Amino acid sequence: MQHPKLILAVDGDVRFLDLIGDALPPPSYELSVATGGREGLHKAQTLQPRLVLLDLALPELNGVELCRLLRADPRTRGILLVAMTALETTGSVVRSALLALGVDDFLQKPFGKEHLLERVKLLLARRRHQASRAPRKTAPPSLSILENGRIRVDLNTRRVWVKGRLTRHMGPKRFQLLCMLLRHKDGAHRETLCSEVWGEEEGCKKVDVSIHRLREDFGIRKEDSPIISVPGGYKLVG
């Protein structure tokens with residue numbers, strides 16, 4: 001069970017950890033800190049904080065991978081995640097990439113104590129509001145299932161169904177690419193897909209080749225393919 005007042009801050013720069021401690025004083029908040037990604041992962045799993053503030057440029061285990069691990073673990077996937085980065089977060093490519101990781105909000109470094117406190121208060125209030133409006137008698141949807149129209153993916157077993165039919169096994173990169181398209185309801189740029197799936201900013205031809213192979217995996221005629229081209233990228237229409 002999540003600790004209602006506990007916030008975990010993960011940053012290799014102790015100056016930001018000190019700033020966060022000043023911005024979130026007790027008794028309103030309880031703060032735990034970690035200076036590396038692996039330490040942050042362990043504390044998130046064991047302490048069950050309500051919210052994690054994490055820098056993307058972490059030692060040992062970078063913030064991008066830490067986000068993925070936290071969202072993949074049933075113990076931590078419900079924790080609020082706020083990414084702290086020196087990158088410009090107003091750009092669509094960076095913002096799309098961060099949202100694809102499952103973060104709930106962004107803080108662009110450097111930031112002030114007042115701004116940090118305001119964002120944390122807003123996120124926690126929004127989560128309480130969502131919890132109060134959630135149906136009490138219906139079970140929540142499985143977090144291991146992604147669906148869009150004809151496409152259904154089980155993240156645990158890595159199985160994919162198209163129109164109720166189980167497809168042939170697809171490689172890890174194509175599977176990851178499909179999951180990205182399922183999460184990006186409005187479509188994703190080639191650069192975003194290339195960066196998130198292959199970890200490269202360039203070489204986007206890999207995306208086009210893998211999209212072609214994904215369409216073949218679906219076993220659907222090209223004109224009926226659930227993956228369509230949009231300006232600068234692709235979209236899954238189900």
# chains A, B, ... in the order shown; residues from 1 in each chain; ligands from 1

call {"tool": "select_by_dssp", "arguments": {"residues": "stretch 42-72 of chain A", "states": "helix (DSSP H, G or I)", "output": "list of chain:residue names"}}
result
A:His42, A:Lys43, A:Ala44, A:Gln45, A:Thr46, A:Leu47, A:Gly63, A:Val64, A:Glu65, A:Leu66, A:Cys67, A:Arg68, A:Leu69, A:Leu70, A:Arg71, A:Ala72

call {"tool": "residues_around", "arguments": {"residues": "A:His42", "least_positions_apart": "3", "cutoff": "12 Å", "atoms": "only C-alpha atoms", "output": "JSON, numbers by chain"}}
result
{"A": [8, 10, 32, 33, 34, 35, 36, 37, 38, 39, 45, 46, 47, 48, 49, 61, 66, 69, 70, 73, 75, 76]}

call {"tool": "closest_residue", "arguments": {"among": "A:Gly232, A:Gly102, A:Gly21, A:Pro4", "to": "A:Glu191", "atoms": "only C-alpha atoms"}}
result
A:Gly232

call {"tool": "closest_residue", "arguments": {"among": "A:Ser28, A:Asn148, A:Gln130, A:Gln108", "to": "A:Arg183", "atoms": "only C-alpha atoms"}}
result
A:Asn148

call {"tool": "atom_distance", "arguments": {"atom1": "atom CA of A:Ala100", "atom2": "atom CA of A:Gly233"}}
result
15.0 Å

call {"tool": "atom_distance", "arguments": {"atom1": "atom CA of A:Lys235", "atom2": "atom CA of A:Lys185"}}
result
7.3 Å

call {"tool": "residues_around", "arguments": {"residues": "A:Pro26", "least_positions_apart": "5", "cutoff": "12 Å", "atoms": "only C-alpha atoms", "output": "count of residues only"}}
result
7

call {"tool": "closest_residue", "arguments": {"among": "A:Arg165, A:Gly12, A:Pro27, A:Leu17", "to": "A:Glu60", "atoms": "only C-alpha atoms"}}
result
A:Gly12

call {"tool": "closest_atom_pairs", "arguments": {"of": "stretch 158-202 of chain A", "to": "stretch 206-226 of chain A", "cutoff": "8 Å", "atoms": "only C-alpha atoms", "output": "Markdown table"}}
result
| residue | atom | partner | partner_atom | distance |
| --- | --- | --- | --- | --- |
| A:Val162 | CA | A:Phe218 | CA | 6.4 |
| A:Thr167 | CA | A:Phe218 | CA | 6.5 |
| A:Arg168 | CA | A:Asp217 | CA | 6.7 |
| A:Met170 | CA | A:Asp217 | CA | 7.3 |
| A:Arg174 | CA | A:Ser210 | CA | 6.2 |
| A:Leu178 | CA | A:Leu214 | CA | 7.8 |
| A:Arg190 | CA | A:Val207 | CA | 6.6 |
| A:Leu193 | CA | A:Val207 | CA | 7.0 |
| A:Cys194 | CA | A:Val207 | CA | 6.3 |

call {"tool": "residues_around", "arguments": {"residues": "A:Leu56", "least_positions_apart": "5", "cutoff": "7 Å", "atoms": "only C-alpha atoms", "output": "CSV table (one decimal) with C-alpha atoms, in the first residue's frame"}}
result
chain,number,residue,atom,x,y,z
A,62,ASN,CA,19.2,6.1,-16.1
A,63,GLY,CA,15.8,7.7,-15.5
A,64,VAL,CA,14.3,6.4,-18.7
A,83,ALA,CA,10.4,13.5,-14.6
A,84,MET,CA,13.1,16.1,-13.9
A,85,THR,CA,15.2,17.1,-16.9

call {"tool": "closest_residue", "arguments": {"among": "A:Lys121, A:Glu147, A:Lys113, A:Asp13", "to": "A:Pro59", "atoms": "only C-alpha atoms"}}
result
A:Asp13
